[in-house]
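*Asks:* Quick one: structure below, then a few questions.
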Amino acid sequence: MNDHARPAPEPQGIPPHSGAADEAKRQDPSRRSVLWTTAGVAGAGIGLGALGGGTASAAGATAPEAVAAAEAVAAAPARQGRTMADVPFERRSKVRVGIIGLGNRGDSMIDLFLAVPGVQVKAVCDTVRDKAEKAAKKVTAAGQPAPAIYAKDEHDYENLCKRGDIDFVYVVTPWELHFPMAKAAMLNGKHVGVECPIAMRLEELWQLVDLSERTRRHCMQLENCCYGKNEMRVLRMAHAGLFGDLLHGAGAYNHDLRELMFDPDYYEGPWRRLWHTRLRGDLYPNHGFGPVANYMDVNRGDRAVSITSIGTPALGLAAYRKEHMPPGDPSWKESYIGADRTISLVQTAKGRVIRLEHDVSSPHPYSRINSLGGTRGVFEDYPERVYLEPTNTNHEWDDFKKYAEWDHWLWKEHANPPGGHGGMDYMMVFRLMQCMRLGLVPDFDVYDAATWTAPVPLSHLSIKAKGAPLPIPDFTRGEWKKARSGMDSEKPAE
C-alpha cells in the first residue's frame, strides 16, 4: 500500500463516527459563492454572527448591545480536550509538507520550504491547475520526488488533508477559506500553519482552539513579522529589562494596496478588495499585534483583555476607482464600508496599552509602526531608533544599530537569509520546521493565533458601537497566568 492510499491516523479525542468530518464539509464554503454572494454584506453573517446569536447587528449596534454580544462569546466554553500550551511536536527526521494555495504568496513560500534541510513537499493544491503544476515543477527542480497535485475542484484540499504521508499543512488562500482548511487539516491528524488572519469570526477562533486541544494538533498563525530582525532584537532587549517595566506598544499594517486591490491578476476574485464591502474594522491586525504581544508576553504572563476601536470614513477605494477604473468595470457595483484608517486600543491584564492601526486605502509609505515603551526608554521603527536611560539623557534618538549584540540567535546564524520581506519569511519557515524535526514546543500556538486575530471581528463591532470597549476572550482559559517560553528561544542542539 502506498503512502497516498494509507488512511490518516484518527485524531485523538474525536470519537469514531462523530460526524466531525461532515461538519467540516458543511462549513467549508465555496470560494466563488463566498466571494460574490456576500459582497455587499456587512452584517451578522460576516464577523458578527459569532458574537452570541446575532444580538448585535452590524447595521447599528448600541454600545450595551455590542458589549453584551461580545461578553457572550468572551465567556470561555468548557474545555473539550487538554491545553496545547507547552506541548511539543513529535520528533521526526523529516517533515512532510502539503501546501494549499499557490498564488502570489504560496508560489514564493514554496521556495523557502524547499530551501530548509529535512523538509519534503509531498503535495500541492490550488483550484488553478497551472499554478499547482508550476509549484510541482519547483519541487522536482529541487531534487525531490514529484508531489501529488490536487486541482480537481474547490474541495480537493480535503483529499490532500486525508493523505497519510503529510505531517504539516500550510494554508495560504483567501481569508474566508482559512478556517475550513485549518479545520480539515486538524480533523485529519495534521499540524497546520495558516497565513493571516487565521479566521474571520470569533466563533471560528473558539472552534480552532477547541479542535486543536481535542486533536492534539498544533494550529498556528504563521506571522512572519514576529521573525523580523528588528522585532526579534527588541524582543530580547525587552526580556532583558532594557526598557524597564513595559508600559505601551504599537503595531500596524499601513500599506497602500489600492493599485494591487484593483489589479485583476494580483488578488484573484478580487477577494481582498471585497472584504472592504463587508467589515469596517481592522482586517489585518496580526502583523502589528503579534510582535508587540510577544514583547509583553501576552498569553505568557499577561493577556489582552479589551479592545476599543474607531475608524475614519471609507473614501479611499472609491476615490481610486473614480480616477483609475473604466466605466463598466465590476468594481463600480461595490460599496465600500471599510474605514480607510482603523485605530484600536488594546488593554492588557497588567494595564499596558497596545495601539493597532490598519490602513491600506490611502497614500502612505509602508509602516508597521513597531514601537515599545517602558519606564527606562522607548524603541520606534520606520525609521528604527531607540532612546534608553541611562545611556541616552539628551532627548535625542540613538542609533539602533549599536544594539546588534541583542540580535536573536536565528539572525546571528542566518545573517543573509533567502526569500522576501528581508528574510523574515525564511526565518519563520526554518524555525517552524526545526521545531517539528527536533520535537520542540512551537514558538507560538493556537491561543496566540486566536488572540492576534480577535481584533478583526471585535474592531468592526466596536466601530459600529461608536468605540465601545469590548472584551477579548481568554482563549487560554487561564493558562496565560503561567510564565512560559515563546519567541525568545535558546538555540537548540541538533
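As shown in the C-alpha cells, the chain order sets the letters A, B, ...; within each chain, residues go from 1, and ligands are also counted from 1 in the order they appear.
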Which polymer residues have any atom within 8 Å of an atom of region 308-324 of chain A, counting only C-alpha atoms, with same-chain residues fewer than 4 positions away left out, as a PyMOL selection string?

*Replies:* chain A and resi 258+262+280-281+331-332+336-346+361-362+459-460+462-463+466-470

*Asks:* Mind checking DSSP for region 310-372 of chain A and telling me the alpha helix (DSSP H) residues as a PDB file with N, CA, C and O atoms, in the first residue's frame?

*Replies:*
ATOM      1  N   GLY A 316     -11.178  56.152   0.366  1.00  0.00           N
ATOM      2  CA  GLY A 316     -10.001  55.941  -0.461  1.00  0.00           C
ATOM      3  C   GLY A 316     -10.219  55.046  -1.660  1.00  0.00           C
ATOM      4  O   GLY A 316      -9.774  55.363  -2.770  1.00  0.00           O
ATOM      5  N   LEU A 317     -10.884  53.908  -1.477  1.00  0.00           N
ATOM      6  CA  LEU A 317     -11.058  52.981  -2.590  1.00  0.00           C
ATOM      7  C   LEU A 317     -11.982  53.557  -3.651  1.00  0.00           C
ATOM      8  O   LEU A 317     -11.746  53.389  -4.856  1.00  0.00           O
ATOM      9  N   ALA A 318     -13.041  54.220  -3.223  1.00  0.00           N
ATOM     10  CA  ALA A 318     -13.958  54.831  -4.189  1.00  0.00           C
ATOM     11  C   ALA A 318     -13.256  55.933  -4.976  1.00  0.00           C
ATOM     12  O   ALA A 318     -13.466  56.076  -6.194  1.00  0.00           O
ATOM     13  N   ALA A 319     -12.415  56.720  -4.308  1.00  0.00           N
ATOM     14  CA  ALA A 319     -11.686  57.786  -4.993  1.00  0.00           C
ATOM     15  C   ALA A 319     -10.695  57.208  -6.003  1.00  0.00           C
ATOM     16  O   ALA A 319     -10.560  57.717  -7.130  1.00  0.00           O
ATOM     17  N   TYR A 320     -10.027  56.116  -5.628  1.00  0.00           N
ATOM     18  CA  TYR A 320      -9.082  55.483  -6.551  1.00  0.00           C
ATOM     19  C   TYR A 320      -9.835  54.903  -7.755  1.00  0.00           C
ATOM     20  O   TYR A 320      -9.385  55.032  -8.897  1.00  0.00           O
ATOM     21  N   ARG A 321     -10.966  54.269  -7.494  1.00  0.00           N
ATOM     22  CA  ARG A 321     -11.781  53.711  -8.576  1.00  0.00           C
ATOM     23  C   ARG A 321     -12.208  54.792  -9.554  1.00  0.00           C
ATOM     24  O   ARG A 321     -12.139  54.607 -10.786  1.00  0.00           O
ATOM     25  N   LYS A 322     -12.650  55.926  -9.035  1.00  0.00           N
ATOM     26  CA  LYS A 322     -13.109  57.021  -9.893  1.00  0.00           C
ATOM     27  C   LYS A 322     -12.007  57.506 -10.815  1.00  0.00           C
ATOM     28  O   LYS A 322     -12.250  57.848 -11.988  1.00  0.00           O
ATOM     29  N   GLU A 323     -10.776  57.504 -10.317  1.00  0.00           N
ATOM     30  CA  GLU A 323      -9.654  58.039 -11.086  1.00  0.00           C
ATOM     31  C   GLU A 323      -9.056  57.008 -12.043  1.00  0.00           C
ATOM     32  O   GLU A 323      -8.526  57.375 -13.100  1.00  0.00           O
ATOM     33  N   HIS A 324      -9.154  55.716 -11.709  1.00  0.00           N
ATOM     34  CA  HIS A 324      -8.383  54.728 -12.451  1.00  0.00           C
ATOM     35  C   HIS A 324      -9.202  53.640 -13.157  1.00  0.00           C
ATOM     36  O   HIS A 324      -8.666  52.997 -14.070  1.00  0.00           O
TER      37      HIS A 324
END

*Asks:* As an exercise, work out the distance from CA of Asp474 (chain A) to CA of Pro88 (chain A) in Å and give it to one decimal place.

*Replies:*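 Separation between CA of Asp474 (chain A) and CA of Pro88 (chain A): 21.8 Å.
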
*Asks:* So the first atom is CA of Ala304 (chain A) and the second is CA of His276 (chain A); what is the distance between them in Å, to one decimal place?

*Replies:*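 These two atoms are separated by 25.9 Å.
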
*Asks:* Could you give me, as a ChimeraX atom specification, the residues within 8 Å of region 406-411 of chain A, counting only C-alpha atoms and dropping anything in the same chain fewer than 2 positions from it?

*Replies:* /A:229,232-234,236-237,403-404,413-415,427,488,490-491

*Asks:* Among region 118-243 of chain A, which residues carry a DSSP assignment of strand (DSSP E), reported as a VMD selection string?

*Replies:* chain A and resid 119 to 125 148 to 150 168 to 171 191 to 194 219 to 221

*Asks:* Output the selection as a PDB file, in the first residue's frame - N, CA, C and O atoms for each residue.

*Replies:*
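What landed in selection24.pdb:
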ATOM      1  N   VAL A 119      13.096  18.918   4.916  1.00  0.00           N
ATOM      2  CA  VAL A 119      11.698  19.188   4.567  1.00  0.00           C
ATOM      3  C   VAL A 119      11.413  18.615   3.182  1.00  0.00           C
ATOM      4  O   VAL A 119      12.200  18.798   2.249  1.00  0.00           O
ATOM      5  N   GLN A 120      10.292  17.936   3.059  1.00  0.00           N
ATOM      6  CA  GLN A 120       9.887  17.363   1.776  1.00  0.00           C
ATOM      7  C   GLN A 120       8.465  17.810   1.460  1.00  0.00           C
ATOM      8  O   GLN A 120       7.555  17.643   2.276  1.00  0.00           O
ATOM      9  N   VAL A 121       8.260  18.409   0.297  1.00  0.00           N
ATOM     10  CA  VAL A 121       6.931  18.837  -0.150  1.00  0.00           C
ATOM     11  C   VAL A 121       6.278  17.646  -0.846  1.00  0.00           C
ATOM     12  O   VAL A 121       6.698  17.231  -1.932  1.00  0.00           O
ATOM     13  N   LYS A 122       5.247  17.099  -0.210  1.00  0.00           N
ATOM     14  CA  LYS A 122       4.610  15.880  -0.708  1.00  0.00           C
ATOM     15  C   LYS A 122       3.391  16.141  -1.588  1.00  0.00           C
ATOM     16  O   LYS A 122       3.036  15.291  -2.412  1.00  0.00           O
ATOM     17  N   ALA A 123       2.727  17.300  -1.401  1.00  0.00           N
ATOM     18  CA  ALA A 123       1.506  17.554  -2.162  1.00  0.00           C
ATOM     19  C   ALA A 123       1.267  19.053  -2.265  1.00  0.00           C
ATOM     20  O   ALA A 123       1.610  19.814  -1.345  1.00  0.00           O
ATOM     21  N   VAL A 124       0.681  19.459  -3.380  1.00  0.00           N
ATOM     22  CA  VAL A 124       0.333  20.864  -3.605  1.00  0.00           C
ATOM     23  C   VAL A 124      -1.104  20.933  -4.098  1.00  0.00           C
ATOM     24  O   VAL A 124      -1.601  20.015  -4.751  1.00  0.00           O
ATOM     25  N   CYS A 125      -1.768  22.061  -3.794  1.00  0.00           N
ATOM     26  CA  CYS A 125      -3.185  22.191  -4.123  1.00  0.00           C
ATOM     27  C   CYS A 125      -3.524  23.620  -4.510  1.00  0.00           C
ATOM     28  O   CYS A 125      -3.103  24.570  -3.826  1.00  0.00           O
ATOM     29  N   ALA A 148       2.176  15.125  -5.259  1.00  0.00           N
ATOM     30  CA  ALA A 148       0.815  14.930  -5.754  1.00  0.00           C
ATOM     31  C   ALA A 148       0.175  16.291  -5.987  1.00  0.00           C
ATOM     32  O   ALA A 148       0.431  17.250  -5.253  1.00  0.00           O
ATOM     33  N   ILE A 149      -0.652  16.373  -7.015  1.00  0.00           N
ATOM     34  CA  ILE A 149      -1.327  17.628  -7.357  1.00  0.00           C
ATOM     35  C   ILE A 149      -2.822  17.478  -7.099  1.00  0.00           C
ATOM     36  O   ILE A 149      -3.446  16.507  -7.549  1.00  0.00           O
ATOM     37  N   TYR A 150      -3.389  18.455  -6.380  1.00  0.00           N
ATOM     38  CA  TYR A 150      -4.818  18.487  -6.099  1.00  0.00           C
ATOM     39  C   TYR A 150      -5.385  19.768  -6.709  1.00  0.00           C
ATOM     40  O   TYR A 150      -5.154  20.869  -6.195  1.00  0.00           O
ATOM     41  N   PHE A 168       2.459  18.238   8.060  1.00  0.00           N
ATOM     42  CA  PHE A 168       2.144  19.655   8.249  1.00  0.00           C
ATOM     43  C   PHE A 168       1.471  20.197   6.999  1.00  0.00           C
ATOM     44  O   PHE A 168       1.944  19.974   5.872  1.00  0.00           O
ATOM     45  N   VAL A 169       0.352  20.900   7.194  1.00  0.00           N
ATOM     46  CA  VAL A 169      -0.375  21.547   6.099  1.00  0.00           C
ATOM     47  C   VAL A 169      -0.201  23.054   6.206  1.00  0.00           C
ATOM     48  O   VAL A 169      -0.418  23.644   7.279  1.00  0.00           O
ATOM     49  N   TYR A 170       0.203  23.662   5.120  1.00  0.00           N
ATOM     50  CA  TYR A 170       0.378  25.115   5.050  1.00  0.00           C
ATOM     51  C   TYR A 170      -0.767  25.690   4.231  1.00  0.00           C
ATOM     52  O   TYR A 170      -0.947  25.340   3.057  1.00  0.00           O
ATOM     53  N   VAL A 171      -1.556  26.600   4.828  1.00  0.00           N
ATOM     54  CA  VAL A 171      -2.732  27.195   4.190  1.00  0.00           C
ATOM     55  C   VAL A 171      -2.418  28.629   3.802  1.00  0.00           C
ATOM     56  O   VAL A 171      -2.149  29.477   4.659  1.00  0.00           O
ATOM     57  N   HIS A 191      -0.791  18.778  11.773  1.00  0.00           N
ATOM     58  CA  HIS A 191      -0.495  20.114  12.273  1.00  0.00           C
ATOM     59  C   HIS A 191      -0.724  21.092  11.117  1.00  0.00           C
ATOM     60  O   HIS A 191      -0.533  20.740   9.940  1.00  0.00           O
ATOM     61  N   VAL A 192      -1.096  22.323  11.443  1.00  0.00           N
ATOM     62  CA  VAL A 192      -1.430  23.260  10.377  1.00  0.00           C
ATOM     63  C   VAL A 192      -0.925  24.654  10.712  1.00  0.00           C
ATOM     64  O   VAL A 192      -0.974  25.100  11.859  1.00  0.00           O
ATOM     65  N   GLY A 193      -0.402  25.324   9.697  1.00  0.00           N
ATOM     66  CA  GLY A 193       0.001  26.718   9.797  1.00  0.00           C
ATOM     67  C   GLY A 193      -0.757  27.522   8.773  1.00  0.00           C
ATOM     68  O   GLY A 193      -0.884  27.108   7.605  1.00  0.00           O
ATOM     69  N   VAL A 194      -1.294  28.670   9.185  1.00  0.00           N
ATOM     70  CA  VAL A 194      -2.215  29.439   8.350  1.00  0.00           C
ATOM     71  C   VAL A 194      -1.707  30.865   8.202  1.00  0.00           C
ATOM     72  O   VAL A 194      -1.242  31.481   9.176  1.00  0.00           O
ATOM     73  N   CYS A 219      -2.232  24.344  15.726  1.00  0.00           N
ATOM     74  CA  CYS A 219      -2.836  25.225  14.727  1.00  0.00           C
ATOM     75  C   CYS A 219      -2.230  26.601  14.945  1.00  0.00           C
ATOM     76  O   CYS A 219      -2.508  27.248  15.963  1.00  0.00           O
ATOM     77  N   MET A 220      -1.406  27.044  14.020  1.00  0.00           N
ATOM     78  CA  MET A 220      -0.584  28.233  14.241  1.00  0.00           C
ATOM     79  C   MET A 220      -0.839  29.319  13.206  1.00  0.00           C
ATOM     80  O   MET A 220      -1.053  29.034  12.033  1.00  0.00           O
ATOM     81  N   GLN A 221      -0.833  30.554  13.681  1.00  0.00           N
ATOM     82  CA  GLN A 221      -0.846  31.708  12.792  1.00  0.00           C
ATOM     83  C   GLN A 221       0.588  31.934  12.337  1.00  0.00           C
ATOM     84  O   GLN A 221       1.461  32.248  13.160  1.00  0.00           O
TER      85      GLN A 221
END

*Asks:* Go through A:Pro473, A:Gly143, A:Gly374, A:Gly351 one by one, measure the shortest atom-to-atom distance of each to Thr451 (chain A) using only C-alpha atoms, and give the residue with the smallest value.

*Replies:*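 Checking each of A:Pro473, A:Gly143, A:Gly374, A:Gly351 against Thr451 (chain A), counting only C-alpha atoms, the winner is A:Pro473.
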
*Asks:* Pick the closest to Glu268 (chain A) from A:Ile369, A:Ala182, A:Val128, A:Ala66: which is it, counting only C-alpha atoms?

*Replies:*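 Of A:Ile369, A:Ala182, A:Val128, A:Ala66, the one nearest Glu268 (chain A), counting only C-alpha atoms, is A:Val128.
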
*Asks:* Residues near His218 (chain A), anyone? I mean within 10 Å using only C-alpha atoms, not counting same-chain ones fewer than 4 positions away, as number ranges by chain.

*Replies:* A: 84-85, 87-89, 168, 186, 189-193, 208-209, 211-213, 441-442, 444-446

*Asks:* With only C-alpha atoms as the atoms that count, which of A:Cys196, A:Leu247, A:Met428, A:Val378 lies nearest to Phe179 (chain A)?

*Replies:*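 Between A:Cys196, A:Leu247, A:Met428, A:Val378, the residue approaching Phe179 (chain A) most closely is A:Cys196.
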
*Asks:* Rank nothing, just name the residue among A:Ala199, A:Leu160, A:Met436, A:Ala78 nearest to Leu177 (chain A), using only C-alpha atoms.

*Replies:* A:Ala199

*Asks:* Using only C-alpha atoms, which of the listed residues (A:Tyr157, A:Tyr366, A:Trp452, A:Tyr227) sits closest to Met424 (chain A)?

*Replies:*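 Under the stated criterion, the closest residue is A:Tyr227.
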
*Asks:* Using only C-alpha atoms, pick whichever of A:Glu90, A:Asp130, A:Glu380, A:Glu396 has the shortest atom-to-atom distance to Asp107 (chain A).

*Replies:*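 Closest to Asp107 (chain A) of all the choices is A:Asp130.
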
*Asks:* Can you pull out every residue within 7 Å of Leu102 (chain A), counting only C-alpha atoms, but drop anything in the same chain fewer than 4 positions away, and send it as a compact mmCIF listing (two decimals) with C-alpha atoms, in the first residue's frame?

*Replies:*
# COMPACT_ATOMS: atom_id res chain seq x y z
CA GLY A 106 2.16 30.45 -1.92
CA ASP A 107 4.28 30.48 -5.07
CA ASP A 126 -4.80 25.06 -5.99
CA LYS A 131 -0.39 27.17 -10.57
CA ALA A 132 -0.25 23.75 -8.94

*Asks:* Rounded to one decimal place, report the CA of Tyr253 (chain A)-CA of Arg368 (chain A) distance in Å.

*Replies:*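 That distance, rounded to one decimal, is 5.1 Å.
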